[in-house]
>>> print(open('input_31.tsv').read())   # TSV, C-alpha atoms (C1' of nucleotides)
chain	number	residue	atom	x	y	z
A	1	MET	CA	-4.15	-8.78	-11.25
A	2	LEU	CA	-6.27	-8.50	-8.16
A	3	SER	CA	-4.35	-7.25	-5.14
A	4	ARG	CA	-4.52	-9.27	-1.95
A	5	LYS	CA	-6.34	-6.37	-0.40
A	6	THR	CA	-9.24	-6.75	-2.80
A	7	LYS	CA	-9.23	-10.51	-2.67
A	8	TYR	CA	-9.24	-10.51	1.12
A	9	GLY	CA	-11.88	-7.84	1.22
A	10	LEU	CA	-14.18	-9.82	-1.04
A	11	LYS	CA	-13.58	-12.98	0.93
A	12	ALA	CA	-14.41	-11.20	4.17
A	13	LEU	CA	-17.57	-9.77	2.66
A	14	SER	CA	-18.57	-13.19	1.44
A	15	TYR	CA	-17.87	-14.63	4.87
A	16	LEU	CA	-20.23	-12.12	6.45
A	17	ALA	CA	-22.82	-12.61	3.74
A	18	LYS	CA	-22.91	-16.36	4.22
A	19	ARG	CA	-23.67	-16.15	7.93
A	20	GLU	CA	-27.12	-16.60	9.28
A	21	GLY	CA	-28.22	-13.53	11.14
A	22	ASN	CA	-26.15	-10.40	11.19
A	23	GLU	CA	-24.43	-10.35	14.56
A	24	PRO	CA	-21.08	-8.54	14.69
A	25	VAL	CA	-18.12	-10.77	13.93
A	26	GLN	CA	-14.67	-10.05	15.30
A	27	ILE	CA	-11.82	-9.43	12.90
A	28	SER	CA	-9.89	-12.29	14.46
A	29	VAL	CA	-12.67	-14.75	13.66
A	30	ILE	CA	-12.76	-13.74	10.00
A	31	SER	CA	-9.00	-13.66	9.70
A	32	GLU	CA	-8.73	-17.19	11.04
A	33	ALA	CA	-11.56	-18.56	8.96
A	34	GLU	CA	-10.19	-17.06	5.76
A	35	ASN	CA	-6.47	-17.31	6.50
A	36	ILE	CA	-5.81	-13.62	6.33
A	37	SER	CA	-3.29	-11.66	8.38
A	38	GLN	CA	-5.34	-10.06	11.12
A	39	LYS	CA	-3.71	-6.66	11.06
A	40	PHE	CA	-3.99	-6.44	7.31
A	41	LEU	CA	-7.63	-7.42	7.42
A	42	GLU	CA	-8.17	-4.76	10.07
A	43	SER	CA	-7.29	-2.01	7.62
A	44	ILE	CA	-9.32	-3.58	4.85
A	45	LEU	CA	-12.48	-3.81	6.91
A	46	LEU	CA	-11.98	-0.26	8.07
A	47	THR	CA	-11.87	0.83	4.45
A	48	LEU	CA	-15.10	-0.99	3.72
A	49	LYS	CA	-16.68	0.55	6.79
A	50	LYS	CA	-15.68	4.06	5.76
A	51	ALA	CA	-17.10	3.39	2.32
A	52	GLY	CA	-20.42	2.62	3.97
A	53	TYR	CA	-20.68	-1.09	3.36
A	54	LEU	CA	-19.94	-2.39	6.83
A	55	GLY	CA	-21.02	-1.42	10.32
A	56	ALA	CA	-18.78	-1.85	13.33
A	57	LYS	CA	-19.37	-2.20	17.01
A	58	LYS	CA	-16.64	-1.68	19.58
A	59	GLY	CA	-16.13	-3.42	22.89
A	60	LYS	CA	-17.18	-6.84	24.07
A	61	GLY	CA	-19.47	-8.61	21.68
A	62	GLY	CA	-18.39	-6.15	19.01
A	63	GLY	CA	-17.12	-6.69	15.51
A	64	TYR	CA	-18.09	-6.00	11.93
A	65	TYR	CA	-21.42	-6.65	10.28
A	66	LEU	CA	-22.99	-6.02	6.89
A	67	LEU	CA	-25.14	-2.97	6.41
A	68	GLU	CA	-28.49	-3.66	4.81
A	69	LYS	CA	-27.82	-2.33	1.37
A	70	SER	CA	-24.61	-4.32	1.07
A	71	MET	CA	-26.30	-7.54	-0.01
A	72	ASP	CA	-27.68	-5.75	-3.05
A	73	THR	CA	-24.50	-3.90	-3.84
A	74	PRO	CA	-22.71	-5.03	-6.99
A	75	ILE	CA	-19.20	-6.41	-6.66
A	76	ALA	CA	-18.08	-3.57	-8.92
A	77	SER	CA	-18.66	-1.12	-6.06
A	78	PHE	CA	-16.58	-3.07	-3.59
A	79	TYR	CA	-13.94	-3.50	-6.25
A	80	ARG	CA	-13.64	0.23	-6.85
A	81	VAL	CA	-13.26	0.92	-3.15
A	82	LEU	CA	-10.64	-1.76	-2.59
A	83	GLU	CA	-8.75	-1.92	-5.88
A	84	GLY	CA	-9.57	1.26	-7.73
A	85	PRO	CA	-10.46	1.42	-11.42
A	86	ILE	CA	-11.92	-1.60	-13.16
A	87	ALA	CA	-10.71	-0.44	-16.55
A	88	MET	CA	-7.30	-1.59	-17.73
A	89	VAL	CA	-6.24	1.86	-18.85
A	90	PRO	CA	-7.21	5.15	-17.21
A	91	CYS	CA	-8.37	6.57	-20.53
A	92	VAL	CA	-11.31	4.15	-20.62
A	93	SER	CA	-12.21	4.38	-16.96
A	94	LEU	CA	-15.72	5.57	-16.17
A	95	ASN	CA	-15.01	6.50	-12.57
A	96	PHE	CA	-11.29	7.28	-12.62
A	97	TYR	CA	-10.78	8.77	-16.07
A	98	GLU	CA	-7.38	10.18	-16.98
A	99	LYS	CA	-6.06	11.19	-20.34
A	100	CYS	CA	-2.99	9.35	-21.63
A	101	GLU	CA	-0.05	11.70	-22.04
A	102	ASP	CA	1.27	9.84	-25.03
A	103	CYS	CA	-1.97	9.66	-26.95
A	104	PRO	CA	-2.99	12.68	-29.03
A	105	ASP	CA	-6.35	11.24	-30.09
A	106	GLU	CA	-8.13	8.51	-28.17
A	107	ASP	CA	-10.42	7.70	-31.04
A	108	LEU	CA	-7.46	6.74	-33.16
A	109	CYS	CA	-5.87	4.54	-30.52
A	110	SER	CA	-6.30	0.81	-31.03
A	111	VAL	CA	-5.53	0.09	-27.40
A	112	HIS	CA	-8.23	2.49	-26.34
A	113	SER	CA	-10.88	0.85	-28.52
A	114	LEU	CA	-10.00	-2.64	-27.42
A	115	MET	CA	-9.90	-1.78	-23.75
A	116	ILE	CA	-13.37	-0.25	-23.96
A	117	GLN	CA	-14.63	-3.63	-25.08
A	118	VAL	CA	-12.80	-5.41	-22.27
A	119	ARG	CA	-14.11	-2.91	-19.75
A	120	ASP	CA	-17.70	-3.31	-20.89
A	121	ASN	CA	-17.48	-7.06	-20.75
A	122	THR	CA	-15.99	-7.05	-17.28
A	123	LEU	CA	-18.48	-4.50	-16.07
A	124	SER	CA	-21.37	-6.58	-17.36
A	125	ILE	CA	-20.35	-9.18	-14.81
A	126	LEU	CA	-19.21	-7.05	-11.90
A	127	GLU	CA	-22.14	-4.66	-12.08
A	128	THR	CA	-24.80	-7.35	-12.27
A	129	THR	CA	-23.37	-9.64	-9.61
A	130	THR	CA	-24.43	-8.45	-6.18
A	131	LEU	CA	-22.91	-9.65	-2.94
A	132	SER	CA	-26.02	-11.76	-2.56
A	133	ASP	CA	-25.42	-13.42	-5.95
A	134	PHE	CA	-21.77	-13.70	-5.12
A	135	VAL	CA	-22.35	-16.08	-2.24
A	136	LYS	CA	-25.36	-17.76	-3.80
A	137	ASN	CA	-23.48	-19.05	-6.80
A	138	GLN	CA	-20.95	-20.96	-4.82
A	139	LEU	CA	-23.58	-23.02	-3.00
A	140	ILE	CA	-24.66	-24.61	-6.25
B	1	MET	CA	-4.27	-2.19	-14.91
B	2	LEU	CA	-2.20	-2.49	-18.05
B	3	SER	CA	1.46	-1.68	-17.53
B	4	ARG	CA	3.07	0.87	-19.79
B	5	LYS	CA	5.18	-1.89	-21.17
B	6	THR	CA	2.14	-3.70	-22.52
B	7	LYS	CA	0.45	-0.55	-23.71
B	8	TYR	CA	3.56	0.60	-25.52
B	9	GLY	CA	4.13	-2.84	-26.96
B	10	LEU	CA	0.62	-2.99	-28.36
B	11	LYS	CA	0.92	0.52	-29.76
B	12	ALA	CA	4.19	-0.36	-31.47
B	13	LEU	CA	2.66	-3.51	-32.94
B	14	SER	CA	-0.28	-1.53	-34.19
B	15	TYR	CA	2.07	1.04	-35.69
B	16	LEU	CA	3.85	-1.66	-37.63
B	17	ALA	CA	0.58	-3.32	-38.61
B	18	LYS	CA	-0.84	-0.13	-40.06
B	19	ARG	CA	2.07	0.48	-42.39
B	20	GLU	CA	1.92	-0.36	-46.02
B	21	GLY	CA	4.61	-2.84	-46.90
B	22	ASN	CA	6.79	-4.42	-44.29
B	23	GLU	CA	10.08	-2.61	-44.47
B	24	PRO	CA	12.09	-2.47	-41.25
B	25	VAL	CA	11.28	0.55	-39.09
B	26	GLN	CA	13.81	2.04	-36.68
B	27	ILE	CA	13.02	2.13	-33.00
B	28	SER	CA	13.48	5.88	-33.00
B	29	VAL	CA	10.79	6.31	-35.63
B	30	ILE	CA	8.25	4.32	-33.66
B	31	SER	CA	9.18	5.95	-30.38
B	32	GLU	CA	8.66	9.41	-31.85
B	33	ALA	CA	5.44	8.53	-33.60
B	34	GLU	CA	3.93	6.97	-30.49
B	35	ASN	CA	5.56	9.19	-27.86
B	36	ILE	CA	7.39	6.40	-26.12
B	37	SER	CA	10.79	6.63	-24.44
B	38	GLN	CA	13.19	5.18	-26.97
B	39	LYS	CA	15.29	3.15	-24.58
B	40	PHE	CA	12.23	1.67	-22.95
B	41	LEU	CA	10.72	0.77	-26.30
B	42	GLU	CA	14.01	-0.84	-27.23
B	43	SER	CA	13.60	-3.47	-24.53
B	44	ILE	CA	9.95	-4.00	-25.32
B	45	LEU	CA	10.58	-4.66	-28.99
B	46	LEU	CA	13.39	-6.99	-28.08
B	47	THR	CA	10.97	-8.97	-25.93
B	48	LEU	CA	8.52	-9.22	-28.80
B	49	LYS	CA	11.30	-10.28	-31.11
B	50	LYS	CA	12.45	-13.02	-28.76
B	51	ALA	CA	8.87	-14.21	-28.47
B	52	GLY	CA	8.84	-14.66	-32.22
B	53	TYR	CA	6.48	-11.90	-33.26
B	54	LEU	CA	8.94	-9.42	-34.70
B	55	GLY	CA	11.95	-9.65	-36.96
B	56	ALA	CA	14.89	-7.30	-36.69
B	57	LYS	CA	17.55	-6.14	-39.04
B	58	LYS	CA	20.74	-4.47	-37.88
B	59	GLY	CA	22.76	-1.77	-39.54
B	60	LYS	CA	21.79	0.90	-42.02
B	61	GLY	CA	18.25	0.52	-43.29
B	62	GLY	CA	17.57	-1.79	-40.40
B	63	GLY	CA	14.83	-1.84	-37.82
B	64	TYR	CA	11.94	-3.98	-36.68
B	65	TYR	CA	9.25	-5.54	-38.83
B	66	LEU	CA	6.31	-7.86	-38.32
B	67	LEU	CA	6.72	-11.54	-38.96
B	68	GLU	CA	4.06	-13.06	-41.16
B	69	LYS	CA	2.08	-14.90	-38.56
B	70	SER	CA	1.83	-11.82	-36.35
B	71	MET	CA	-1.12	-10.30	-38.19
B	72	ASP	CA	-3.17	-13.38	-37.35
B	73	THR	CA	-1.96	-13.62	-33.79
B	74	PRO	CA	-4.57	-12.81	-31.14
B	75	ILE	CA	-3.88	-9.89	-28.81
B	76	ALA	CA	-4.05	-12.39	-25.95
B	77	SER	CA	-0.71	-13.82	-27.07
B	78	PHE	CA	1.03	-10.47	-27.12
B	79	TYR	CA	-0.57	-9.67	-23.79
B	80	ARG	CA	0.82	-12.79	-22.15
B	81	VAL	CA	4.31	-12.05	-23.40
B	82	LEU	CA	4.27	-8.43	-22.32
B	83	GLU	CA	2.09	-8.40	-19.22
B	84	GLY	CA	1.80	-11.98	-18.04
B	85	PRO	CA	-1.43	-13.65	-16.96
B	86	ILE	CA	-4.74	-12.38	-18.24
B	87	ALA	CA	-6.63	-13.79	-15.26
B	88	MET	CA	-7.13	-11.55	-12.23
B	89	VAL	CA	-6.07	-14.24	-9.77
B	90	PRO	CA	-3.44	-16.92	-10.37
B	91	CYS	CA	-5.88	-19.65	-9.31
B	92	VAL	CA	-7.99	-19.08	-12.42
B	93	SER	CA	-5.14	-18.60	-14.85
B	94	LEU	CA	-4.97	-21.01	-17.75
B	95	ASN	CA	-1.33	-20.37	-18.61
B	96	PHE	CA	0.11	-19.25	-15.28
B	97	TYR	CA	-1.87	-21.27	-12.75
B	98	GLU	CA	-0.93	-21.08	-9.08
B	99	LYS	CA	-2.83	-22.30	-6.08
B	100	CYS	CA	-3.84	-19.71	-3.49
B	101	GLU	CA	-2.16	-20.35	-0.15
B	102	ASP	CA	-5.12	-19.08	1.80
B	103	CYS	CA	-7.77	-21.06	-0.01
B	104	PRO	CA	-8.37	-24.67	1.07
B	105	ASP	CA	-10.94	-25.41	-1.63
B	106	GLU	CA	-11.18	-23.44	-4.85
B	107	ASP	CA	-14.64	-24.74	-5.63
B	108	LEU	CA	-15.95	-23.14	-2.46
B	109	CYS	CA	-14.33	-19.77	-3.08
B	110	SER	CA	-16.67	-17.06	-4.33
B	111	VAL	CA	-13.78	-15.00	-5.64
B	112	HIS	CA	-12.57	-17.96	-7.66
B	113	SER	CA	-15.96	-18.53	-9.29
B	114	LEU	CA	-16.45	-14.90	-10.15
B	115	MET	CA	-12.98	-14.47	-11.56
B	116	ILE	CA	-13.47	-17.43	-13.85
B	117	GLN	CA	-16.38	-15.59	-15.38
B	118	VAL	CA	-14.35	-12.41	-15.77
B	119	ARG	CA	-11.48	-14.33	-17.29
B	120	ASP	CA	-13.68	-16.05	-19.84
B	121	ASN	CA	-15.30	-12.81	-20.85
B	122	THR	CA	-11.99	-11.07	-21.25
B	123	LEU	CA	-10.52	-13.98	-23.14
B	124	SER	CA	-13.45	-14.04	-25.52
B	125	ILE	CA	-12.28	-10.63	-26.69
B	126	LEU	CA	-8.53	-10.95	-26.50
B	127	GLU	CA	-8.42	-14.39	-28.12
B	128	THR	CA	-10.67	-13.49	-31.03
B	129	THR	CA	-9.14	-10.11	-31.81
B	130	THR	CA	-6.06	-10.55	-33.97
B	131	LEU	CA	-3.52	-7.84	-34.63
B	132	SER	CA	-5.17	-7.47	-38.00
B	133	ASP	CA	-8.57	-6.85	-36.38
B	134	PHE	CA	-6.91	-4.64	-33.84
B	135	VAL	CA	-5.87	-2.05	-36.42
B	136	LYS	CA	-8.87	-2.60	-38.66
B	137	ASN	CA	-11.41	-1.55	-36.07
B	138	GLN	CA	-9.94	1.84	-35.48
B	139	LEU	CA	-10.22	2.85	-39.13
B	140	ILE	CA	-13.98	2.70	-38.96
C	1	DT	C1'	39.06	-2.17	-44.93
C	2	DG	C1'	36.83	1.03	-42.08
C	3	DC	C1'	33.08	3.74	-40.57
C	4	DA	C1'	28.54	4.55	-39.27
C	5	DA	C1'	23.98	2.88	-38.40
C	6	DA	C1'	21.03	0.24	-35.70
C	7	DC	C1'	19.87	-3.55	-32.90
C	8	DT	C1'	21.56	-6.42	-28.51
C	9	DC	C1'	22.53	-7.01	-23.92
C	10	DT	C1'	23.68	-6.27	-19.05
C	11	DA	C1'	23.40	-3.59	-15.24
C	12	DC	C1'	21.73	-0.07	-12.53
C	13	DT	C1'	18.39	3.16	-10.29
C	14	DA	C1'	14.66	6.25	-8.48
C	15	DA	C1'	10.08	6.05	-7.30
C	16	DA	C1'	5.95	3.83	-6.30
C	17	DT	C1'	3.24	0.11	-4.58
C	18	DC	C1'	2.26	-3.95	-1.84
C	19	DG	C1'	1.59	-6.54	2.07
C	20	DA	C1'	2.03	-6.32	5.98
C	21	DT	C1'	3.40	-4.93	11.32
C	22	DA	C1'	3.60	-1.95	15.65
C	23	DG	C1'	1.55	0.44	18.97
C	24	DG	C1'	-1.28	3.56	21.03
C	25	DA	C1'	-6.13	5.97	21.02
C	26	DT	C1'	-10.92	5.52	21.42
C	27	DA	C1'	-15.31	3.63	22.49
C	28	DA	C1'	-18.52	0.18	24.43
C	29	DT	C1'	-19.66	-3.18	27.74
C	30	DA	C1'	-19.96	-5.33	32.21
D	1	DT	C1'	-12.87	0.89	36.35
D	2	DA	C1'	-11.20	-3.10	33.75
D	3	DT	C1'	-11.70	-5.45	29.62
D	4	DT	C1'	-12.64	-5.94	24.92
D	5	DA	C1'	-12.43	-4.72	20.30
D	6	DT	C1'	-12.33	-1.33	16.76
D	7	DC	C1'	-9.83	3.03	15.11
D	8	DC	C1'	-5.89	5.34	13.47
D	9	DT	C1'	-1.15	6.72	12.29
D	10	DA	C1'	3.25	5.52	11.17
D	11	DT	C1'	6.68	2.65	9.54
D	12	DC	C1'	9.06	-0.99	6.86
D	13	DG	C1'	11.06	-4.55	3.77
D	14	DA	C1'	10.39	-6.54	-0.63
D	15	DT	C1'	8.97	-6.19	-5.16
D	16	DT	C1'	7.70	-4.02	-9.37
D	17	DT	C1'	7.71	-0.30	-12.61
D	18	DA	C1'	9.55	2.65	-15.83
D	19	DG	C1'	12.96	3.90	-17.21
D	20	DT	C1'	18.60	5.20	-18.10
D	21	DA	C1'	23.53	4.26	-19.15
D	22	DG	C1'	26.74	2.38	-21.76
D	23	DA	C1'	29.27	-1.00	-24.01
D	24	DG	C1'	28.87	-4.83	-27.54
D	25	DT	C1'	27.57	-6.82	-32.03
D	26	DT	C1'	26.04	-7.05	-36.65
D	27	DT	C1'	25.18	-5.05	-41.13
D	28	DG	C1'	25.54	-2.00	-45.13
D	29	DC	C1'	28.18	0.90	-47.78
D	30	DA	C1'	31.99	3.74	-49.57
>>> encode(input="input_31.tsv", output="structure tokens")
Amino acid sequence: MLSRKTKYGLKALSYLAKREGNEPVQISVISEAENISQKFLESILLTLKKAGYLGAKKGKGGGYYLLEKSMDTPIASFYRVLEGPIAMVPCVSLNFYEKCEDCPDEDLCSVHSLMIQVRDNTLSILETTTLSDFVKNQLI
Amino acid sequence: MLSRKTKYGLKALSYLAKREGNEPVQISVISEAENISQKFLESILLTLKKAGYLGAKKGKGGGYYLLEKSMDTPIASFYRVLEGPIAMVPCVSLNFYEKCEDCPDEDLCSVHSLMIQVRDNTLSILETTTLSDFVKNQLI
DNA sequence: TGCAAACTCTACTAAATCGATAGGATAATA
DNA sequence: TATTATCCTATCGATTTAGTAGAGTTTGCA
């Protein structure tokens, strides 16, 4: 299940991506438009900024805006920053790998094999869908 | 992320599915073979029994065993019993649908559209892989 | 009949995570 | 210098997770 953090983060990104121009937008504007708690959104946007996907400007006329590369960034990247691993078990994670304590041999684990398939299928979507695609699709 | 409950449940099912014959197997045997806390596994197997996938026999020589239909049951069914929804957001769940409070129109939500794709991809694996397939694959 | 084996069931708990909220610090603008 | 808006740390209540404890029930067997 997607956490609210990730869902809100993606919705905020899509809000920024849909705008014409790239003027800074205040947190309060996004939070009202997308029905997200303002304080919660604050921390989410900060995370995305630290990860290098958003720029921020302080003071009057300030707010958050997309950095250039963000439109071509796959959703998978945002997902990993907000939610963490895409894989359903750490032992099949590409970016957050961890061995299972209970499993002596991954190659003999049915769960492992199946979850590799699920991971690859999910990745095929999340890695090929960029933020630009993400907002394009919904206009159809 | 898969909970331990689901992972352990699937491992126990696969343990039973790999056995020759279908004699009852004690919880303690499975828990040792798969390195799962016995008490925890107890409750998991009980859940699977109540859902109609396992039979149980009490007393000496007792234990859990697969019911006939279980070998042809898709992993998706076990998953739903153990973990809950397969979808990443309730608003795209087929079996556990819930409307998002924050979302006025699902058709205009980019997250919604994307998660439908992810769901369908994941389902295409979990619905077509039966318990029988599940243990067959790993022998290759 | 009586004992032991093994599942059944309820209740409880420690720890972690989630979804926020509070409030002050910092920086930019006018 | 006053205002605006992000930055940052800390805290908190509710929920979920991953168990644990312990008594109850059914079955097989001597």
>>> interface_residues(input="input_31.tsv", of="chain D", to="chain B", cutoff="12 Å", atoms="all atoms listed in the file", output="list in words")
DT16, DT17, DA18, DG19, DT20, DA21, DG22, DT25, DT26, DT27, DG28 and DC29 of chain D
>>> atom_distance(input="input_31.tsv", atom1="atom CA of A:Lys136", atom2="atom CA of B:Ile116")
15.6 Å
>>> interface_residues(input="input_31.tsv", of="chain B", to="chain A", cutoff="6 Å", atoms="all atoms listed in the file", output="PyMOL selection string")
chain B and resi 1-2+35+88-89+102+108+110+118+122+138
>>> atom_distance(input="input_31.tsv", atom1="atom CA of B:Glu23", atom2="atom C1' of C:DT8")
20.0 Å
>>> closest_atom_pairs(input="input_31.tsv", of="chain C", to="chain A", cutoff="10 Å", atoms="all atoms listed in the file", output="Markdown table")
| residue | atom | partner | partner_atom | distance |
| --- | --- | --- | --- | --- |
| C:DC18 | C1' | A:Ser3 | CA | 8.1 |
| C:DG19 | C1' | A:Phe40 | CA | 7.7 |
| C:DA20 | C1' | A:Phe40 | CA | 6.2 |
| C:DT21 | C1' | A:Lys39 | CA | 7.3 |
| C:DA22 | C1' | A:Lys39 | CA | 9.8 |
| C:DT26 | C1' | A:Lys58 | CA | 9.4 |
| C:DA27 | C1' | A:Lys58 | CA | 6.2 |
| C:DA28 | C1' | A:Gly59 | CA | 4.6 |
| C:DT29 | C1' | A:Lys60 | CA | 5.7 |
| C:DA30 | C1' | A:Lys60 | CA | 8.7 |
>>> atom_distance(input="input_31.tsv", atom1="atom CA of B:Leu45", atom2="atom CA of B:Glu127")
21.4 Å
>>> residues_around(input="input_31.tsv", residues="B:Leu48", least_positions_apart="2", cutoff="12 Å", atoms="only C-alpha atoms (C1' of nucleotides)", output="number ranges by chain")
B: 5-6, 8-10, 12-13, 41-46, 50-56, 64-67, 70, 77-83
>>> build_atoms(input="input_31.tsv", residues="stretch 78-97 of chain B", atoms="N, CA and C atoms", output="mmCIF file, in the frame of the given file")
data_model
loop_
_atom_site.group_PDB
_atom_site.id
_atom_site.type_symbol
_atom_site.label_atom_id
_atom_site.label_comp_id
_atom_site.auth_asym_id
_atom_site.auth_seq_id
_atom_site.Cartn_x
_atom_site.Cartn_y
_atom_site.Cartn_z
ATOM 1 N N PHE B 78 0.121 -11.586 -27.405
ATOM 2 C CA PHE B 78 1.030 -10.470 -27.120
ATOM 3 C C PHE B 78 0.924 -10.075 -25.647
ATOM 4 N N TYR B 79 -0.308 -10.054 -25.172
ATOM 5 C CA TYR B 79 -0.570 -9.670 -23.790
ATOM 6 C C TYR B 79 0.194 -10.562 -22.814
ATOM 7 N N ARG B 80 0.155 -11.851 -23.066
ATOM 8 C CA ARG B 80 0.820 -12.790 -22.150
ATOM 9 C C ARG B 80 2.324 -12.607 -22.153
ATOM 10 N N VAL B 81 2.866 -12.273 -23.316
ATOM 11 C CA VAL B 81 4.310 -12.050 -23.400
ATOM 12 C C VAL B 81 4.716 -10.767 -22.692
ATOM 13 N N LEU B 82 3.905 -9.736 -22.858
ATOM 14 C CA LEU B 82 4.270 -8.430 -22.320
ATOM 15 C C LEU B 82 3.870 -8.278 -20.854
ATOM 16 N N GLU B 83 2.668 -8.692 -20.535
ATOM 17 C CA GLU B 83 2.090 -8.400 -19.220
ATOM 18 C C GLU B 83 2.096 -9.607 -18.297
ATOM 19 N N GLY B 84 1.945 -10.775 -18.865
ATOM 20 C CA GLY B 84 1.800 -11.980 -18.040
ATOM 21 C C GLY B 84 0.378 -12.491 -18.101
ATOM 22 N N PRO B 85 -0.112 -13.041 -16.984
ATOM 23 C CA PRO B 85 -1.430 -13.650 -16.960
ATOM 24 C C PRO B 85 -2.553 -12.680 -17.286
ATOM 25 N N ILE B 86 -3.562 -13.173 -17.944
ATOM 26 C CA ILE B 86 -4.740 -12.380 -18.240
ATOM 27 C C ILE B 86 -5.727 -12.464 -17.069
ATOM 28 N N ALA B 87 -5.726 -13.597 -16.395
ATOM 29 C CA ALA B 87 -6.630 -13.790 -15.260
ATOM 30 C C ALA B 87 -6.309 -12.819 -14.135
ATOM 31 N N MET B 88 -7.306 -12.507 -13.317
ATOM 32 C CA MET B 88 -7.130 -11.550 -12.230
ATOM 33 C C MET B 88 -6.596 -12.202 -10.966
ATOM 34 N N VAL B 89 -6.707 -13.506 -10.873
ATOM 35 C CA VAL B 89 -6.070 -14.240 -9.770
ATOM 36 C C VAL B 89 -5.388 -15.468 -10.361
ATOM 37 N N PRO B 90 -4.222 -15.792 -9.829
ATOM 38 C CA PRO B 90 -3.440 -16.920 -10.370
ATOM 39 C C PRO B 90 -4.228 -18.230 -10.374
ATOM 40 N N CYS B 91 -5.160 -18.381 -9.429
ATOM 41 C CA CYS B 91 -5.880 -19.650 -9.310
ATOM 42 C C CYS B 91 -6.910 -19.854 -10.411
ATOM 43 N N VAL B 92 -7.115 -18.860 -11.273
ATOM 44 C CA VAL B 92 -7.990 -19.080 -12.420
ATOM 45 C C VAL B 92 -7.241 -18.883 -13.737
ATOM 46 N N SER B 93 -5.925 -18.812 -13.637
ATOM 47 C CA SER B 93 -5.140 -18.600 -14.850
ATOM 48 C C SER B 93 -4.942 -19.896 -15.617
ATOM 49 N N LEU B 94 -5.141 -19.830 -16.909
ATOM 50 C CA LEU B 94 -4.970 -21.010 -17.750
ATOM 51 C C LEU B 94 -3.493 -21.286 -18.025
ATOM 52 N N ASN B 95 -2.735 -20.214 -18.216
ATOM 53 C CA ASN B 95 -1.330 -20.370 -18.610
ATOM 54 C C ASN B 95 -0.342 -20.146 -17.478
ATOM 55 N N PHE B 96 -0.805 -19.563 -16.383
ATOM 56 C CA PHE B 96 0.110 -19.250 -15.280
ATOM 57 C C PHE B 96 -0.517 -19.692 -13.954
ATOM 58 N N TYR B 97 -1.149 -20.823 -13.945
ATOM 59 C CA TYR B 97 -1.870 -21.270 -12.750
ATOM 60 C C TYR B 97 -0.991 -21.363 -11.503
#
